[in-house]
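A.B. asks: upload-v2.tsv (TSV, C-alpha atoms and all ligand atoms) pasted underneath:
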```tsv
chain	number	residue	atom	x	y	z
A	1	MET	CA	9.77	185.22	63.78
A	2	ARG	CA	8.34	181.83	62.80
A	3	ARG	CA	9.45	180.29	59.50
A	4	PHE	CA	7.04	178.60	57.13
A	5	GLU	CA	8.13	174.93	57.14
A	6	GLY	CA	5.22	173.17	55.44
A	7	ASP	CA	4.59	172.72	51.75
A	8	LYS	CA	0.99	173.91	51.57
A	9	LEU	CA	-0.64	177.25	52.23
A	10	VAL	CA	-4.16	178.63	51.98
A	11	ILE	CA	-4.71	182.08	50.50
A	12	ALA	CA	-7.32	183.63	52.76
A	13	SER	CA	-8.95	185.73	50.04
A	14	HIS	CA	-12.02	185.61	47.82
A	15	ASN	CA	-10.68	188.17	45.34
A	16	ALA	CA	-9.61	186.44	42.10
A	17	GLY	CA	-7.27	189.30	41.11
A	18	LYS	CA	-5.41	189.11	44.41
A	19	ILE	CA	-5.24	185.32	44.37
A	20	ARG	CA	-3.70	185.44	40.88
A	21	GLU	CA	-1.04	187.91	42.05
A	22	ILE	CA	-0.28	186.03	45.27
A	23	ARG	CA	0.13	182.74	43.38
A	24	ALA	CA	2.62	184.43	41.03
A	25	LEU	CA	4.53	185.97	43.93
A	26	LEU	CA	4.76	182.64	45.82
A	27	GLU	CA	5.51	180.46	42.80
A	28	PRO	CA	9.33	180.66	43.09
A	29	PHE	CA	9.20	179.14	46.59
A	30	GLY	CA	7.69	175.79	45.63
A	31	VAL	CA	4.73	176.19	47.97
A	32	GLU	CA	1.50	174.49	46.99
A	33	VAL	CA	-1.21	177.12	47.18
A	34	ALA	CA	-4.93	176.58	47.74
A	35	SER	CA	-7.57	179.27	47.93
A	36	ALA	CA	-10.20	179.80	50.62
A	37	ALA	CA	-12.82	178.72	48.07
A	38	ASP	CA	-10.99	175.36	47.56
A	39	PHE	CA	-11.78	174.64	51.22
A	40	GLY	CA	-15.34	175.97	50.98
A	41	LEU	CA	-14.47	178.67	53.51
A	42	ASP	CA	-16.89	181.57	53.88
A	43	GLU	CA	-15.80	185.22	53.99
A	44	PRO	CA	-15.53	186.57	57.53
A	45	GLU	CA	-16.82	190.07	58.18
A	46	GLU	CA	-14.06	192.69	58.11
A	47	THR	CA	-15.07	194.58	61.24
A	48	GLU	CA	-11.76	196.29	62.15
A	49	ASP	CA	-10.83	199.83	61.13
A	50	SER	CA	-7.23	199.00	60.22
A	51	PHE	CA	-5.61	196.95	57.44
A	52	ALA	CA	-3.77	194.93	60.10
A	53	GLY	CA	-6.94	194.19	62.07
A	54	ASN	CA	-8.83	192.93	59.03
A	55	ALA	CA	-5.84	190.97	57.73
A	56	ARG	CA	-5.74	189.16	61.10
A	57	ILE	CA	-9.45	188.33	60.99
A	58	LYS	CA	-9.18	186.81	57.49
A	59	ALA	CA	-5.98	184.80	58.09
A	60	HIS	CA	-7.05	183.29	61.42
A	61	HIS	CA	-10.49	182.44	60.04
A	62	ALA	CA	-8.93	180.50	57.14
A	63	ALA	CA	-6.22	178.84	59.28
A	64	LYS	CA	-8.85	177.56	61.71
A	65	GLY	CA	-11.20	176.46	58.93
A	66	SER	CA	-8.56	174.61	56.90
A	67	GLY	CA	-6.08	173.39	59.52
A	68	LEU	CA	-3.28	174.84	57.38
A	69	PRO	CA	-1.19	178.03	57.59
A	70	ALA	CA	-3.16	180.80	55.88
A	71	LEU	CA	-2.04	184.01	54.24
A	72	SER	CA	-4.39	186.99	54.01
A	73	ASP	CA	-3.99	190.34	52.29
A	74	ASP	CA	-5.86	193.42	53.39
A	75	SER	CA	-5.28	196.32	51.09
A	76	GLY	CA	-6.64	199.55	49.72
A	77	ILE	CA	-5.92	202.95	48.27
A	78	THR	CA	-5.47	205.98	50.53
A	79	VAL	CA	-5.90	209.39	48.91
A	80	ASP	CA	-4.16	212.29	50.68
A	81	ALA	CA	-6.70	215.01	49.79
A	82	LEU	CA	-9.54	212.74	51.01
A	83	ASP	CA	-7.92	212.34	54.43
A	84	GLY	CA	-6.89	208.78	53.61
A	85	ALA	CA	-10.23	207.62	52.17
A	86	PRO	CA	-11.29	205.16	50.89
A	87	GLY	CA	-8.44	203.32	52.73
A	88	VAL	CA	-9.64	200.23	54.60
A	89	HIS	CA	-13.06	200.79	53.02
A	90	THR	CA	-11.84	200.60	49.40
A	91	ALA	CA	-13.82	197.43	48.63
A	92	ASP	CA	-16.91	198.85	50.41
A	93	TRP	CA	-16.92	201.93	48.14
A	94	ALA	CA	-17.38	199.59	45.17
A	95	GLU	CA	-20.21	197.60	46.78
A	96	THR	CA	-23.55	197.94	45.01
A	97	GLY	CA	-25.58	195.34	46.90
A	98	ASN	CA	-25.31	193.23	43.76
A	99	GLY	CA	-21.56	192.77	43.36
A	100	ARG	CA	-18.76	195.31	43.07
A	101	ASP	CA	-18.57	198.19	40.61
A	102	PHE	CA	-15.02	199.58	40.62
A	103	PRO	CA	-15.49	202.07	37.77
A	104	MET	CA	-18.27	203.62	39.89
A	105	ALA	CA	-16.00	203.72	42.96
A	106	MET	CA	-13.12	205.26	40.98
A	107	GLU	CA	-15.45	207.92	39.59
A	108	LYS	CA	-16.66	208.69	43.12
A	109	VAL	CA	-13.07	209.28	44.24
A	110	TRP	CA	-12.40	211.55	41.26
A	111	THR	CA	-15.64	213.49	41.77
A	112	LEU	CA	-14.81	214.12	45.43
A	113	LEU	CA	-11.34	215.35	44.46
A	114	GLU	CA	-12.86	217.71	41.88
A	115	GLU	CA	-15.44	218.99	44.38
A	116	ARG	CA	-12.65	219.76	46.85
A	117	ASP	CA	-10.63	221.34	44.07
A	118	ALA	CA	-7.72	219.25	45.32
A	119	PRO	CA	-4.32	220.36	44.01
A	120	THR	CA	-2.69	218.19	41.36
A	121	PRO	CA	-1.03	215.76	41.41
A	122	ARG	CA	-3.60	214.00	43.55
A	123	ARG	CA	-1.25	212.15	45.86
A	124	ALA	CA	-2.22	208.64	46.94
A	125	ALA	CA	-0.77	205.33	48.06
A	126	PHE	CA	-1.67	201.69	47.76
A	127	ASN	CA	-1.26	199.83	51.04
A	128	CYS	CA	-1.03	196.09	51.62
A	129	THR	CA	-0.90	194.27	54.94
A	130	LEU	CA	-0.21	190.54	54.88
A	131	CYS	CA	-0.98	188.23	57.78
A	132	LEU	CA	0.42	184.69	57.84
A	133	ALA	CA	-1.47	182.76	60.53
A	134	TRP	CA	-1.00	179.21	61.77
A	135	PRO	CA	-3.82	176.98	63.07
A	136	ASP	CA	-2.33	177.21	66.60
A	137	GLY	CA	-3.04	180.96	66.67
A	138	HIS	CA	0.46	182.31	65.97
A	139	ASP	CA	0.79	184.98	63.29
A	140	GLU	CA	3.28	187.22	61.51
A	141	MET	CA	2.42	190.56	59.84
A	142	PHE	CA	4.07	192.47	56.98
A	143	GLU	CA	3.26	195.85	55.47
A	144	GLY	CA	3.91	197.22	52.01
A	145	LYS	CA	3.24	200.52	50.32
A	146	VAL	CA	3.68	202.24	46.97
A	147	ARG	CA	3.17	205.97	46.46
A	148	GLY	CA	1.82	207.68	43.40
A	149	GLN	CA	-1.15	209.71	42.18
A	150	VAL	CA	-4.77	209.26	41.17
A	151	VAL	CA	-5.32	210.09	37.48
A	152	TRP	CA	-8.46	210.48	35.40
A	153	PRO	CA	-9.81	209.09	33.10
A	154	MET	CA	-9.20	205.40	33.78
A	155	ARG	CA	-6.33	203.88	31.83
A	156	GLY	CA	-5.81	200.19	30.96
A	157	ASP	CA	-7.57	196.92	31.57
A	158	GLN	CA	-4.83	194.87	33.26
A	159	GLY	CA	-5.01	194.10	36.95
A	160	PHE	CA	-8.13	194.70	39.06
A	161	GLY	CA	-9.84	197.10	41.43
A	162	PHE	CA	-8.41	200.66	41.38
A	163	ASP	CA	-5.48	199.79	39.06
A	164	PRO	CA	-6.70	201.94	36.09
A	165	VAL	CA	-6.48	205.22	38.05
A	166	PHE	CA	-3.23	204.67	39.98
A	167	LEU	CA	-0.03	206.03	38.46
A	168	PRO	CA	2.97	205.00	40.60
A	169	ASP	CA	5.75	207.56	41.11
A	170	GLY	CA	8.38	207.45	38.38
A	171	GLU	CA	6.16	205.50	35.93
A	172	THR	CA	4.37	206.51	32.75
A	173	GLU	CA	1.82	203.68	32.86
A	174	THR	CA	-0.93	203.11	35.44
A	175	PHE	CA	-1.16	199.73	37.19
A	176	GLY	CA	-4.02	199.08	34.76
A	177	GLU	CA	-1.76	199.57	31.74
A	178	MET	CA	1.49	197.99	32.84
A	179	ASP	CA	2.56	194.42	32.25
A	180	PRO	CA	1.56	192.28	35.27
A	181	ALA	CA	5.22	191.32	35.81
A	182	ARG	CA	6.11	194.99	36.19
A	183	LYS	CA	3.32	195.54	38.72
A	184	HIS	CA	4.59	192.46	40.62
A	185	ALA	CA	8.03	194.05	40.82
A	186	MET	CA	6.91	197.36	42.32
A	187	SER	CA	3.46	197.13	43.91
A	188	HIS	CA	2.40	197.50	47.56
A	189	ARG	CA	1.80	193.74	47.47
A	190	ALA	CA	5.32	193.09	46.12
A	191	ASP	CA	6.76	195.32	48.87
A	192	ALA	CA	4.95	193.38	51.60
A	193	PHE	CA	5.90	190.07	49.96
A	194	ARG	CA	9.60	190.94	49.97
A	195	LYS	CA	9.39	191.27	53.75
A	196	LEU	CA	7.33	188.08	54.15
A	197	VAL	CA	9.70	186.05	52.00
A	198	HIS	CA	12.79	187.40	53.77
A	199	ALA	CA	11.35	186.53	57.18
A	200	CYS	CA	9.49	183.28	56.56
A	201	PHE	CA	10.49	181.65	53.26
A	202	ALA	CA	13.97	182.55	52.02
B	301	LIG	O1	-3.31	195.84	43.70
B	301	LIG	C1	-4.41	196.41	43.68
B	301	LIG	N1	-4.87	197.00	42.57
B	301	LIG	C2	-6.07	197.60	42.51
B	301	LIG	N2	-6.93	197.65	43.53
B	301	LIG	C3	-6.53	197.07	44.67
B	301	LIG	C4	-5.27	196.44	44.81
B	301	LIG	N3	-5.17	195.98	46.05
B	301	LIG	C5	-6.29	196.29	46.66
B	301	LIG	N4	-7.13	196.96	45.83
B	301	LIG	C6	-8.49	197.47	46.14
B	301	LIG	C7	-9.53	196.57	45.52
B	301	LIG	C8	-9.87	195.63	46.62
B	301	LIG	O2	-11.18	195.10	46.52
B	301	LIG	C9	-9.70	196.50	47.87
B	301	LIG	C10	-9.18	195.71	49.00
B	301	LIG	O3	-10.20	195.22	49.84
B	301	LIG	P1	-9.92	193.89	50.68
B	301	LIG	O4	-10.98	193.67	51.67
B	301	LIG	O5	-8.50	193.88	51.16
B	301	LIG	O6	-9.97	192.77	49.56
B	301	LIG	P2	-11.20	192.03	48.89
B	301	LIG	O7	-12.43	192.21	49.73
B	301	LIG	O8	-11.28	192.43	47.48
B	301	LIG	O9	-10.74	190.51	48.96
B	301	LIG	P3	-10.48	189.64	50.29
B	301	LIG	O10	-10.85	190.49	51.47
B	301	LIG	O11	-11.31	188.43	50.15
B	301	LIG	O12	-9.02	189.31	50.27
B	301	LIG	O13	-8.70	197.45	47.53
B	302	MG	MG	-12.40	192.03	51.75
```
So that I can check it, write out the structure of this file as structure tokens.

C.D. replies:
Amino acid sequence: MRRFEGDKLVIASHNAGKIREIRALLEPFGVEVASAADFGLDEPEETEDSFAGNARIKAHHAAKGSGLPALSDDSGITVDALDGAPGVHTADWAETGNGRDFPMAMEKVWTLLEERDAPTPRRAAFNCTLCLAWPDGHDEMFEGKVRGQVVWPMRGDQGFGFDPVFLPDGETETFGEMDPARKHAMSHRADAFRKLVHACFA
């Protein structure tokens, strides 16, 4: 396991919601954080069919392009009654050809569940795979998960993506309703970060 020894890191993501969360999660470690956009890096195509595969593509692309260690996050929601869909394709389901429409994607998930007459609760999980890659090609991977259910209608305007329809187990508020600090304490991203920090930062 390689430790992070530098003082600067690139977040290999173009998603503003994720970048905000990752900055907050890394803040306590005194690491200076830049985003892929700060380096004018383009978005590589996510051609793999696993979270780990796509996380690797994004982190190595940014590490090579910036000359700094780069941290990527590949994530998505997997719905049990949809055989794990949308999963690694979560962002694709929101693609309209003219930006992303998450309310449309969330409605599509709910409609499919209704069509299948899926039993309630509609079990689901958020998954997050982090890849920390160095410019010399070395990398470390960490996985996080949180289980819960898909609810309808959408609830709350905090967070991003599928947050308004995900109710984590043991909670009364969706990720869209809860205080960001609470999401940071219990999310799939927080779970993966605990492992990253333990291995590479603490
Ligand atoms: O905490 C979350 N709360 C709500 N929705 C979430 C979350 N985490 C991932 N998601 C959804 C939306 C995101 O668009 C997709 C991941 O797709 P994914 O390719 O990993 O990210 P992305 O394309 O948005 O940004 P980028 O690849 O530049 O890091 O899953
Ligand atoms: Mg992406």

A.B. asks: What does the structure give for the distance between CA of Leu9 (chain A) and CA of Lys145 (chain A), in Å to one decimal?

C.D. replies: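 Taking CA of Leu9 (chain A) as the start and CA of Lys145 (chain A) as the end point, the length is 23.7 Å.
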
A.B. asks: Could I get the residues of chain A with an atom no further than 8 Å from an atom of ligand LIG 301 (chain B), each paired with its nearest atom pair and that distance in Å to one decimal, using only C-alpha atoms and all ligand atoms, sorted by chain and residue number, as CSV?

C.D. replies:
```
residue,atom,partner,partner_atom,distance
A:Ala12,CA,B:LIG301,O12,6.4
A:Ser13,CA,B:LIG301,O11,3.6
A:His14,CA,B:LIG301,O11,3.7
A:Asn15,CA,B:LIG301,O9,4.3
A:Lys18,CA,B:LIG301,O12,6.9
A:Glu43,CA,B:LIG301,O11,6.7
A:Glu46,CA,B:LIG301,O4,7.2
A:Phe51,CA,B:LIG301,O5,7.6
A:Asn54,CA,B:LIG301,O4,7.7
A:Ala55,CA,B:LIG301,O5,7.7
A:Lys58,CA,B:LIG301,O10,7.3
A:Ser72,CA,B:LIG301,O12,6.4
A:Asp73,CA,B:LIG301,O12,5.5
A:Asp74,CA,B:LIG301,O5,3.5
A:Ser75,CA,B:LIG301,O5,4.0
A:Gly76,CA,B:LIG301,O13,3.7
A:Ile77,CA,B:LIG301,O13,6.2
A:Gly87,CA,B:LIG301,O13,7.8
A:Val88,CA,B:LIG301,O3,6.9
A:His89,CA,B:LIG301,O3,7.0
A:Thr90,CA,B:LIG301,O13,4.8
A:Ala91,CA,B:LIG301,O2,4.1
A:Asp92,CA,B:LIG301,O3,7.7
A:Ala94,CA,B:LIG301,O2,7.8
A:Phe102,CA,B:LIG301,C7,8.0
A:Phe126,CA,B:LIG301,N3,6.9
A:Asn127,CA,B:LIG301,N3,7.4
A:Cys128,CA,B:LIG301,N3,6.9
A:Gly159,CA,B:LIG301,N1,6.3
A:Phe160,CA,B:LIG301,C2,5.0
A:Gly161,CA,B:LIG301,N2,3.6
A:Phe162,CA,B:LIG301,N2,4.0
A:Asp163,CA,B:LIG301,C2,4.1
A:Pro164,CA,B:LIG301,C2,7.8
A:Phe175,CA,B:LIG301,N1,7.1
A:Ser187,CA,B:LIG301,O1,6.9
A:His188,CA,B:LIG301,O1,7.1
A:Arg189,CA,B:LIG301,O1,6.7
```

A.B. asks: Can I get the selection written as a PDB file, in the frame of the given file, with C-alpha atoms?

C.D. replies:
```
ATOM      1  CA  ALA A  12      -7.320 183.630  52.760  1.00  0.00           C
ATOM      2  CA  SER A  13      -8.950 185.730  50.040  1.00  0.00           C
ATOM      3  CA  HIS A  14     -12.020 185.610  47.820  1.00  0.00           C
ATOM      4  CA  ASN A  15     -10.680 188.170  45.340  1.00  0.00           C
ATOM      5  CA  LYS A  18      -5.410 189.110  44.410  1.00  0.00           C
ATOM      6  CA  GLU A  43     -15.800 185.220  53.990  1.00  0.00           C
ATOM      7  CA  GLU A  46     -14.060 192.690  58.110  1.00  0.00           C
ATOM      8  CA  PHE A  51      -5.610 196.950  57.440  1.00  0.00           C
ATOM      9  CA  ASN A  54      -8.830 192.930  59.030  1.00  0.00           C
ATOM     10  CA  ALA A  55      -5.840 190.970  57.730  1.00  0.00           C
ATOM     11  CA  LYS A  58      -9.180 186.810  57.490  1.00  0.00           C
ATOM     12  CA  SER A  72      -4.390 186.990  54.010  1.00  0.00           C
ATOM     13  CA  ASP A  73      -3.990 190.340  52.290  1.00  0.00           C
ATOM     14  CA  ASP A  74      -5.860 193.420  53.390  1.00  0.00           C
ATOM     15  CA  SER A  75      -5.280 196.320  51.090  1.00  0.00           C
ATOM     16  CA  GLY A  76      -6.640 199.550  49.720  1.00  0.00           C
ATOM     17  CA  ILE A  77      -5.920 202.950  48.270  1.00  0.00           C
ATOM     18  CA  GLY A  87      -8.440 203.320  52.730  1.00  0.00           C
ATOM     19  CA  VAL A  88      -9.640 200.230  54.600  1.00  0.00           C
ATOM     20  CA  HIS A  89     -13.060 200.790  53.020  1.00  0.00           C
ATOM     21  CA  THR A  90     -11.840 200.600  49.400  1.00  0.00           C
ATOM     22  CA  ALA A  91     -13.820 197.430  48.630  1.00  0.00           C
ATOM     23  CA  ASP A  92     -16.910 198.850  50.410  1.00  0.00           C
ATOM     24  CA  ALA A  94     -17.380 199.590  45.170  1.00  0.00           C
ATOM     25  CA  PHE A 102     -15.020 199.580  40.620  1.00  0.00           C
ATOM     26  CA  PHE A 126      -1.670 201.690  47.760  1.00  0.00           C
ATOM     27  CA  ASN A 127      -1.260 199.830  51.040  1.00  0.00           C
ATOM     28  CA  CYS A 128      -1.030 196.090  51.620  1.00  0.00           C
ATOM     29  CA  GLY A 159      -5.010 194.100  36.950  1.00  0.00           C
ATOM     30  CA  PHE A 160      -8.130 194.700  39.060  1.00  0.00           C
ATOM     31  CA  GLY A 161      -9.840 197.100  41.430  1.00  0.00           C
ATOM     32  CA  PHE A 162      -8.410 200.660  41.380  1.00  0.00           C
ATOM     33  CA  ASP A 163      -5.480 199.790  39.060  1.00  0.00           C
ATOM     34  CA  PRO A 164      -6.700 201.940  36.090  1.00  0.00           C
ATOM     35  CA  PHE A 175      -1.160 199.730  37.190  1.00  0.00           C
ATOM     36  CA  SER A 187       3.460 197.130  43.910  1.00  0.00           C
ATOM     37  CA  HIS A 188       2.400 197.500  47.560  1.00  0.00           C
ATOM     38  CA  ARG A 189       1.800 193.740  47.470  1.00  0.00           C
TER      39      ARG A 189
END
```

A.B. asks: So that I can see what lies close to Arg23 (chain A), please list as a PyMOL selection string the residues with an atom at most 10 Å from it, counting only C-alpha atoms and leaving out residues fewer than 5 positions away in the same chain.

C.D. replies: chain A and resi 11+18+28+31-35

A.B. asks: At what distance in Å, to one decimal, does CA of Ser66 (chain A) lie from CA of Phe4 (chain A)?

C.D. replies: 16.1 Å

A.B. asks: Go ahead and find all residues with at least one atom no further than 12 Å from (-10.9, 211.6, 42.3) in the file's coordinates, using only C-alpha atoms; report them as a PyMOL selection string.

C.D. replies: chain A and resi 77-82+85-86+103-124+149-154+162+165-166

A.B. asks: Provide the CA of Pro168 (chain A) to CA of Ala181 (chain A) distance in Å, to one decimal place.

C.D. replies: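 Separation of CA of Pro168 (chain A) and CA of Ala181 (chain A): 14.7 Å.
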
A.B. asks: Between A:Leu167, A:Leu196, A:Ile19, A:Met1, single out the one closest to Lys183 (chain A), counting only C-alpha atoms.

C.D. replies: A:Leu167

A.B. asks: So, with only C-alpha atoms as the atoms that count, which of A:His184, A:Glu48, A:Gly53, A:Pro69 lies closest to Ala36 (chain A)?

C.D. replies: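 Comparing A:His184, A:Glu48, A:Gly53, A:Pro69 against Ala36 (chain A), the winner is A:Pro69.
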
A.B. asks: Quick one: of A:Gly6, A:Gly170, A:Gly99, A:Gly84, who's nearest to Ala125 (chain A), counting only C-alpha atoms?

C.D. replies: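 Of A:Gly6, A:Gly170, A:Gly99, A:Gly84, the one nearest Ala125 (chain A) is A:Gly84, counting only C-alpha atoms.
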
A.B. asks: Let me make sure I understand: among A:Glu21, A:Leu68, A:Phe39, A:Asp7, which one has the smallest atom-to-atom distance to His138 (chain A) if we use all atoms listed in the file?

C.D. replies: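 The closest residue to His138 (chain A) is A:Leu68.
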